[in-house]
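Peer 1: To be precise about what I am sending: the file is called data.txt and holds compact mmCIF, C-alpha atoms.
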```
# COMPACT_ATOMS: atom_id res chain seq x y z
CA MET A 155 0.76 -7.69 -23.23
CA LEU A 156 0.11 -4.21 -21.82
CA LEU A 157 -2.11 -3.78 -18.78
CA MET A 158 -3.39 -0.29 -18.03
CA ASP A 159 -5.54 1.39 -15.44
CA PHE A 160 -6.38 5.02 -14.86
CA ASP A 161 -4.79 6.87 -11.96
CA ASN A 162 -7.61 9.36 -11.34
CA PHE A 163 -10.73 7.47 -12.43
CA LYS A 164 -12.19 7.10 -8.93
CA ALA A 165 -12.33 10.89 -8.60
CA ILE A 166 -14.46 11.08 -11.77
CA ASN A 167 -16.90 8.43 -10.51
CA ASP A 168 -17.10 9.93 -7.03
CA SER A 169 -17.66 13.51 -8.20
CA LEU A 170 -19.76 13.10 -11.36
CA GLY A 171 -21.28 9.63 -11.02
CA HIS A 172 -20.89 6.35 -12.85
CA SER A 173 -22.60 7.50 -16.03
CA ALA A 174 -19.95 10.19 -16.44
CA GLY A 175 -17.28 7.59 -15.72
CA ASP A 176 -18.72 5.37 -18.45
CA GLN A 177 -18.47 8.24 -20.94
CA VAL A 178 -14.80 8.72 -20.07
CA LEU A 179 -14.16 4.98 -20.51
CA ILE A 180 -15.78 5.01 -23.96
CA VAL A 181 -13.63 7.93 -25.11
CA ALA A 182 -10.51 6.37 -23.64
CA GLY A 183 -11.23 3.03 -25.32
CA GLN A 184 -11.70 4.74 -28.68
CA ARG A 185 -8.40 6.59 -28.32
CA LEU A 186 -6.55 3.41 -27.37
CA ARG A 187 -8.02 1.51 -30.31
CA ALA A 188 -6.98 4.31 -32.69
CA SER A 189 -3.39 4.18 -31.36
CA VAL A 190 -2.61 0.53 -32.17
CA ARG A 191 -2.27 -1.46 -35.40
CA PRO A 192 -5.18 -3.32 -37.02
CA ASP A 193 -3.85 -6.70 -35.82
CA ASP A 194 -3.52 -5.58 -32.20
CA THR A 195 -6.28 -6.05 -29.63
CA VAL A 196 -7.65 -3.58 -27.08
CA ALA A 197 -10.01 -4.97 -24.43
CA ARG A 198 -11.58 -3.59 -21.30
CA LEU A 199 -11.15 -6.13 -18.51
CA GLY A 200 -13.40 -4.41 -16.00
CA GLY A 201 -13.68 -1.12 -14.12
CA ASP A 202 -11.01 1.20 -15.48
CA GLU A 203 -8.61 -1.60 -16.47
CA PHE A 204 -7.69 -2.20 -20.10
CA ALA A 205 -5.49 -4.85 -21.71
CA VAL A 206 -3.68 -4.31 -25.01
CA LEU A 207 -2.25 -7.28 -26.89
CA LEU A 208 0.46 -6.20 -29.33
CA GLN A 209 1.51 -8.62 -32.06
CA HIS A 210 5.02 -9.30 -33.38
CA LEU A 211 7.05 -6.73 -31.46
CA PRO A 212 10.83 -7.14 -31.78
CA GLY A 213 11.57 -6.41 -28.12
CA PRO A 214 10.97 -4.38 -24.95
CA GLN A 215 12.01 -1.06 -26.48
CA GLN A 216 9.27 -1.30 -29.07
CA ALA A 217 6.80 -2.22 -26.33
CA LEU A 218 7.81 0.89 -24.38
CA GLU A 219 7.39 3.04 -27.48
CA ALA A 220 3.89 1.61 -28.00
CA ALA A 221 3.07 2.28 -24.34
CA ASP A 222 4.24 5.88 -24.74
CA ARG A 223 1.90 6.31 -27.74
CA LEU A 224 -1.02 5.01 -25.70
CA LEU A 225 -0.27 7.34 -22.80
CA ARG A 226 0.02 10.32 -25.15
CA ALA A 227 -3.27 9.37 -26.82
CA LEU A 228 -5.00 9.82 -23.45
CA GLU A 229 -3.54 13.27 -22.77
CA PRO A 230 -6.21 15.47 -24.48
CA VAL A 231 -8.92 16.48 -22.02
CA VAL A 232 -12.32 14.78 -22.05
CA ALA A 233 -15.41 17.00 -21.73
CA VAL A 234 -17.97 15.49 -19.35
CA GLN A 235 -20.99 17.33 -17.93
CA GLY A 236 -19.49 20.68 -18.75
CA LEU A 237 -16.16 19.87 -17.09
CA GLU A 238 -12.83 18.94 -18.64
CA TRP A 239 -10.92 15.94 -17.33
CA GLN A 240 -7.48 14.70 -18.25
CA VAL A 241 -7.20 10.94 -18.03
CA ARG A 242 -3.91 9.75 -16.56
CA ALA A 243 -2.88 6.11 -16.67
CA SER A 244 -0.13 3.70 -15.65
CA LEU A 245 0.98 0.70 -17.69
CA GLY A 246 2.51 -2.70 -16.96
CA ILE A 247 4.24 -4.57 -19.77
CA ALA A 248 4.89 -8.33 -20.02
CA LEU A 249 6.72 -9.92 -22.96
CA HIS A 250 5.66 -13.26 -24.43
CA ASP A 251 9.21 -14.26 -25.40
CA ARG A 252 10.04 -15.01 -21.76
CA VAL A 253 10.02 -18.57 -20.44
CA GLU A 254 9.09 -19.97 -17.03
CA ASP A 255 10.32 -23.39 -15.92
CA GLY A 256 11.60 -23.96 -19.44
CA GLN A 257 8.19 -23.37 -21.03
CA PRO A 258 6.80 -20.36 -22.94
CA LEU A 259 4.45 -18.22 -20.88
CA ASN A 260 0.75 -19.00 -21.08
CA GLY A 261 -1.91 -16.30 -21.18
CA GLU A 262 -2.62 -16.40 -17.45
CA THR A 263 1.05 -15.98 -16.52
CA LEU A 264 1.48 -13.22 -19.10
CA LEU A 265 -1.43 -11.30 -17.60
CA ARG A 266 -0.10 -11.88 -14.07
CA ASN A 267 3.30 -10.51 -15.05
CA ALA A 268 1.73 -7.45 -16.65
CA ASP A 269 -0.29 -6.90 -13.47
CA VAL A 270 2.86 -7.11 -11.32
CA ALA A 271 4.59 -4.58 -13.60
CA LEU A 272 1.54 -2.29 -13.36
CA TYR A 273 1.66 -2.49 -9.56
CA HIS A 274 5.31 -1.38 -9.64
CA ALA A 275 4.57 1.43 -12.07
CA LYS A 276 1.84 2.82 -9.80
CA ALA A 277 3.88 2.32 -6.64
CA HIS A 278 6.96 4.19 -7.84
CA ARG A 279 5.63 6.95 -10.06
CA ARG A 280 2.20 7.03 -11.65
CA GLY A 281 1.65 7.94 -15.28
CA ARG A 282 4.43 5.73 -16.62
CA ALA A 283 5.05 2.31 -18.14
CA GLN A 284 7.07 -0.48 -16.51
CA VAL A 285 8.41 -3.67 -18.11
CA PHE A 286 8.14 -6.81 -15.96
CA ASP A 287 11.24 -8.55 -14.68
CA ASP A 288 11.76 -11.47 -12.29
CA ALA A 289 12.83 -9.22 -9.40
CA MET A 290 9.36 -7.63 -9.40
CA HIS A 291 7.68 -11.00 -8.99
CA ARG A 292 9.98 -11.90 -6.11
CA THR A 293 9.16 -8.57 -4.45
CA VAL A 294 5.42 -9.19 -4.72
CA VAL A 295 5.73 -12.76 -3.41
CA ASP A 296 7.90 -11.56 -0.53
CA ARG A 297 5.35 -8.89 0.34
CA LEU A 298 2.51 -11.43 0.37
CA GLU A 299 4.54 -13.75 2.61
CA LEU A 300 5.39 -10.92 4.99
CA GLU A 301 1.73 -9.86 5.18
CA GLY A 302 0.69 -13.39 6.16
CA GLU A 303 3.48 -13.63 8.74
CA LEU A 304 2.54 -10.25 10.24
CA ARG A 305 -1.07 -11.38 10.55
CA VAL A 306 0.09 -14.47 12.45
CA ALA A 307 2.49 -12.43 14.62
CA ILE A 308 -0.35 -10.14 15.73
CA ALA A 309 -2.66 -13.08 16.50
CA GLU A 310 0.03 -14.99 18.42
CA ASP A 311 1.52 -12.10 20.46
CA ALA A 312 4.82 -12.44 18.63
CA LEU A 313 5.56 -8.70 18.59
CA GLU A 314 7.43 -6.63 21.16
CA VAL A 315 6.74 -3.29 22.84
CA TRP A 316 9.72 -0.97 23.27
CA TYR A 317 9.44 2.19 25.38
CA GLN A 318 10.95 5.58 24.64
CA PRO A 319 10.98 7.81 27.76
CA VAL A 320 10.49 11.57 27.88
CA ILE A 321 12.61 12.95 30.72
CA ASP A 322 12.22 16.30 32.47
CA LEU A 323 15.69 17.86 32.15
CA GLU A 324 15.19 20.06 35.23
CA ASN A 325 14.72 17.22 37.72
CA GLY A 326 15.47 14.02 35.79
CA HIS A 327 11.97 12.65 36.37
CA LEU A 328 10.08 10.59 33.84
CA ARG A 329 7.34 12.80 32.42
CA ALA A 330 5.94 10.65 29.62
CA PHE A 331 6.81 7.87 27.21
CA GLU A 332 6.00 6.41 23.84
CA ALA A 333 5.21 2.75 23.30
CA LEU A 334 6.74 1.53 20.03
CA VAL A 335 6.14 -1.77 18.25
CA ARG A 336 9.02 -3.97 17.13
CA TRP A 337 8.94 -7.31 15.32
CA ARG A 338 11.59 -9.93 15.96
CA HIS A 339 10.97 -12.14 12.95
CA PRO A 340 11.85 -15.83 13.45
CA THR A 341 14.02 -16.00 10.29
CA ARG A 342 14.68 -12.37 9.27
CA GLY A 343 15.71 -11.09 12.68
CA LEU A 344 14.69 -7.74 14.17
CA LEU A 345 12.75 -5.86 11.48
CA PRO A 346 12.74 -2.04 11.45
CA PRO A 347 9.28 -0.43 11.52
CA LYS A 348 9.66 0.82 7.93
CA THR A 349 9.63 -2.84 6.84
CA PHE A 350 6.18 -3.68 8.16
CA ILE A 351 4.31 -0.51 9.24
CA PRO A 352 3.65 0.71 5.64
CA LEU A 353 2.61 -2.87 4.78
CA ALA A 354 0.17 -2.88 7.71
CA GLU A 355 -1.28 0.45 6.56
CA ASP A 356 -1.73 -0.74 2.97
CA THR A 357 -3.42 -4.01 3.96
CA GLY A 358 -5.61 -2.82 6.83
CA LEU A 359 -3.54 -4.70 9.42
CA ILE A 360 -2.69 -1.39 11.09
CA VAL A 361 -5.99 -1.49 13.02
CA PRO A 362 -5.45 -4.91 14.70
CA LEU A 363 -1.78 -4.00 15.12
CA ASP A 364 -2.69 -0.83 17.04
CA ARG A 365 -5.19 -2.77 19.14
CA TRP A 366 -2.50 -5.30 19.98
CA MET A 367 -0.10 -2.48 20.95
CA LEU A 368 -2.68 -0.87 23.20
CA ARG A 369 -3.46 -4.08 25.07
CA ALA A 370 0.16 -5.24 25.30
CA ALA A 371 1.48 -1.90 26.57
CA ALA A 372 -1.34 -1.53 29.10
CA ARG A 373 -0.75 -5.09 30.35
CA GLU A 374 2.99 -4.52 30.84
CA ILE A 375 2.70 -1.06 32.37
CA ALA A 376 0.11 -2.28 34.87
CA GLY A 377 2.89 -4.25 36.53
CA TRP A 378 5.23 -1.29 36.91
CA ALA A 379 5.65 0.07 40.45
CA PRO A 380 4.89 3.83 40.57
CA ALA A 381 7.66 6.12 41.72
CA PRO A 382 7.13 7.11 45.40
CA GLY A 383 5.58 10.53 45.82
CA ARG A 384 5.12 11.20 42.09
CA PRO A 385 2.05 10.85 39.90
CA PRO A 386 2.05 8.30 37.11
CA PRO A 387 3.64 9.51 33.86
CA ARG A 388 1.38 10.69 31.07
CA TRP A 389 0.98 8.61 27.94
CA ALA A 390 0.68 9.89 24.38
CA SER A 391 -0.96 8.08 21.49
CA THR A 392 1.25 8.04 18.39
CA SER A 393 -1.11 5.81 16.43
CA ARG A 394 -1.19 6.11 12.66
CA ARG A 395 -4.16 7.79 10.97
CA PRO A 396 -6.10 4.62 9.94
CA SER A 397 -6.63 3.76 13.59
CA CYS A 398 -7.16 7.30 14.78
CA THR A 399 -10.07 7.69 12.38
CA CYS A 400 -11.77 4.58 13.80
CA PRO A 401 -14.90 5.84 15.64
CA THR A 402 -14.17 3.83 18.80
CA TRP A 403 -10.42 4.43 18.95
CA ALA A 404 -10.40 7.31 21.45
CA THR A 405 -12.97 5.67 23.72
CA ARG A 406 -11.26 2.28 23.63
CA SER A 407 -7.76 3.63 24.26
CA GLY A 408 -8.85 6.04 26.99
CA ALA A 409 -10.78 3.36 28.86
CA CYS A 410 -7.90 0.91 28.61
CA TRP A 411 -5.43 3.32 30.21
CA LYS A 412 -7.82 4.83 32.74
CA THR A 413 -8.45 1.44 34.34
CA ARG A 414 -4.74 1.28 35.08
CA GLY A 415 -4.47 4.70 36.65
CA TRP A 416 -2.54 6.33 33.82
CA ARG A 417 -3.33 9.75 32.41
CA ARG A 418 -3.55 10.62 28.73
CA ASN A 419 -1.26 13.42 27.58
CA SER A 420 -3.33 16.34 26.28
```
Now that the file is in, can you turn its structure into C-alpha cells?
Peer 2:
Amino acid sequence: MLLMDFDNFKAINDSLGHSAGDQVLIVAGQRLRASVRPDDTVARLGGDEFAVLLQHLPGPQQALEAADRLLRALEPVVAVQGLEWQVRASLGIALHDRVEDGQPLNGETLLRNADVALYHAKAHRRGRAQVFDDAMHRTVVDRLELEGELRVAIAEDALEVWYQPVIDLENGHLRAFEALVRWRHPTRGLLPPKTFIPLAEDTGLIVPLDRWMLRAAAREIAGWAPAPGRPPPRWASTSRRPSCTCPTWATRSGACWKTRGWRRNS
C-alpha cells in the first residue's frame, strides 16, 4: 500500500481556485494510473490524497522502486490557466507481509501504517518515499500521549516558570528578565523546551500555553518586593509567532503587566 499526498497543492487551490486544483488532480491521477501495472489499483481518497495498491511485490525494495516511478511521473509541469505547475508529492509505504499480534495486517491497519510513514516522509524531507517500521508507530503514539499530557499540564497548572535576568554590567542592577516555561513531567522528569514547544506550535496548544505563562509569571512577580529607590525592571515578550499574531495578544499582555506596575520593554 502506497499513500501519497501533494506537498504544494494548497498553493494551487489558494492562488487559482478549486476548479484549477481539480484539473491538476485529474492530470495527476492519469499519470499515476499510467505508471502502475494493470492489476494494481490507484484511488483518490479525498482532497489531494491518493492510495496505490500494488499486487505481488517481492519486498520493500521493489515498493521503493515503484514509488520512485510514481514520483517521477508527476515531475512534468501541468499547464493550468496559462501557468505551469510542478506537482510535488510525498509517499508512505506499508507492506502487507507484516504481522501484528501474530495476525496478518487488515486493510485498516495497512492504511494506518502507510499514513504514519507518509507523516514521517513529510516531516523529515518532502518529495520522498518512506517505508513504515514499528519505530515510526511508537513515535506517533508517544507524540499523541505527550500532546494529551501537555494539555492536562496547562489546565492543571503543572508547568513551571523560570526567570532569566538581564543585568546591567555597569552597576549590577537588574534591568530586565525573561520568563521561560519548563515542564517537570511526572514520569519523564524535567523536559527541555525542544521536547514540547514545537509540539505545542504544531497542535495549537502554544496559544493556551502562552496565556498560562502570562498569568503565572504576572501572579508570581506581583509578590516580589521592588528594590528600594529603583524602578521596576522592564519585561520583554518572547512569545512565539502563533500567539503574537493573535489580535488580542498585545492588549491582553500589556493590561496584565500594567496592573502590576511593570513596564513593557520597547
Peer 1: Give me the residues near Ala205 in chain A as a PyMOL selection string, where near means some atom within 6 Å (using only C-alpha atoms) and where sequence neighbours in that chain fewer than 2 positions away do not count.
Peer 2: chain A and resi 156-157+196-197
Peer 1: List the neighbours of Gln216 in chain A out to 12 Å using all atoms listed in the file; skip same-chain residues closer than 6 positions along the sequence, and give me the result as a list in words.
Peer 2: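 Counting only the stated atoms, we get Leu208, Gln209, His210, Asp222, Arg223, Ile247, Leu249 and Val285 of chain A.
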Peer 1: For Leu304 in chain A, please output as a PDB file with C-alpha atoms, keeping the file's coordinate frame all residues within 10 Å (counting all atoms listed in the file; exclusion window: fewer than 2 positions along the same chain).
Peer 2:
```pdb
ATOM      1  CA  LEU A 298       2.510 -11.430   0.370  1.00  0.00           C
ATOM      2  CA  GLU A 299       4.540 -13.750   2.610  1.00  0.00           C
ATOM      3  CA  LEU A 300       5.390 -10.920   4.990  1.00  0.00           C
ATOM      4  CA  GLU A 301       1.730  -9.860   5.180  1.00  0.00           C
ATOM      5  CA  GLY A 302       0.690 -13.390   6.160  1.00  0.00           C
ATOM      6  CA  VAL A 306       0.090 -14.470  12.450  1.00  0.00           C
ATOM      7  CA  ALA A 307       2.490 -12.430  14.620  1.00  0.00           C
ATOM      8  CA  ILE A 308      -0.350 -10.140  15.730  1.00  0.00           C
ATOM      9  CA  ALA A 309      -2.660 -13.080  16.500  1.00  0.00           C
ATOM     10  CA  GLU A 310       0.030 -14.990  18.420  1.00  0.00           C
ATOM     11  CA  ALA A 312       4.820 -12.440  18.630  1.00  0.00           C
ATOM     12  CA  LEU A 313       5.560  -8.700  18.590  1.00  0.00           C
ATOM     13  CA  TRP A 337       8.940  -7.310  15.320  1.00  0.00           C
ATOM     14  CA  HIS A 339      10.970 -12.140  12.950  1.00  0.00           C
ATOM     15  CA  PHE A 350       6.180  -3.680   8.160  1.00  0.00           C
ATOM     16  CA  ILE A 351       4.310  -0.510   9.240  1.00  0.00           C
ATOM     17  CA  LEU A 353       2.610  -2.870   4.780  1.00  0.00           C
ATOM     18  CA  ALA A 354       0.170  -2.880   7.710  1.00  0.00           C
ATOM     19  CA  LEU A 359      -3.540  -4.700   9.420  1.00  0.00           C
ATOM     20  CA  LEU A 363      -1.780  -4.000  15.120  1.00  0.00           C
TER      21      LEU A 363
END
```
Peer 1: Point out the residue among A:Leu368, A:Ile180, A:Leu323, A:Ala243 with the least atom-to-atom distance to Arg280 in chain A, counting only C-alpha atoms.
Peer 2: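 Result for the nearest residue to Arg280 in chain A: A:Ala243.
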Peer 1: Nearest to Asp288 in chain A among A:Leu345, A:Leu170, A:Ala275, A:Val270, with distances taken over only C-alpha atoms: which residue is it?
Peer 2: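 Under the stated criterion, the closest residue is A:Val270.
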Peer 1: Tell me, as a list in words, which residues lie within 10 Å of Val190 in chain A, counting only C-alpha atoms; anything in the same chain fewer than 5 positions away does not count.
Peer 2: Arg185, Thr195, Val196, Val206, Leu207, Leu208, Ala220, Ala221, Arg223 and Leu224 of chain A
Peer 1: Restricting the calculation to all atoms listed in the file: of A:Arg282, A:Asp176, A:Arg242, A:Asp296, which residue gets closest to Glu219 in chain A?
Peer 2: A:Arg282
Peer 1: Taking 5 positions as the minimum chain separation for residues in the same chain, which residues sit within 10 Å of Phe204 in chain A when counting all atoms listed in the file? Answer as a PyMOL selection string.
Peer 2: chain A and resi 156-160+179+182-183+186+196-199+245
Peer 1: Taking all atoms of range 276-292 of chain A that the file lists and extending 5 Å past them on each side, where is the centre of the axis-aligned box and how long are its edges? Answer in Å to one decimal, as lines of an AutoDock Vina configuration file.
Peer 2:
```
center_x = 7.2
center_y = -2.0
center_z = -12.1
size_x = 21.2
size_y = 29.8
size_z = 22.0
```
Peer 1: For Asp364 in chain A, which residue out of A:Ala376, A:Leu344, A:Ile166, A:Val315 is the nearest one, using only C-alpha atoms?
Peer 2: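 Under the stated criterion, the closest residue is A:Val315.
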Peer 1: For the atom pair CA of Val234 in chain A and CA of Val178 in chain A, what is the interatomic distance in Å to one decimal place?
Peer 2: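 Going from CA of Val234 in chain A over to CA of Val178 in chain A, I get 7.5 Å.
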Peer 1: Record the distance separating CA of Pro382 in chain A and CA of Asn325 in chain A, expressed in Å with one decimal.
Peer 2: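 One can read the CA of Pro382 in chain A to CA of Asn325 in chain A distance as 14.8 Å.
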Peer 1: Which is closest to Gly175 in chain A among A:Leu265, A:Ala289, A:Leu334, A:Val232, if we use all atoms listed in the file?
Peer 2: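 Result for the nearest residue to Gly175 in chain A: A:Val232.
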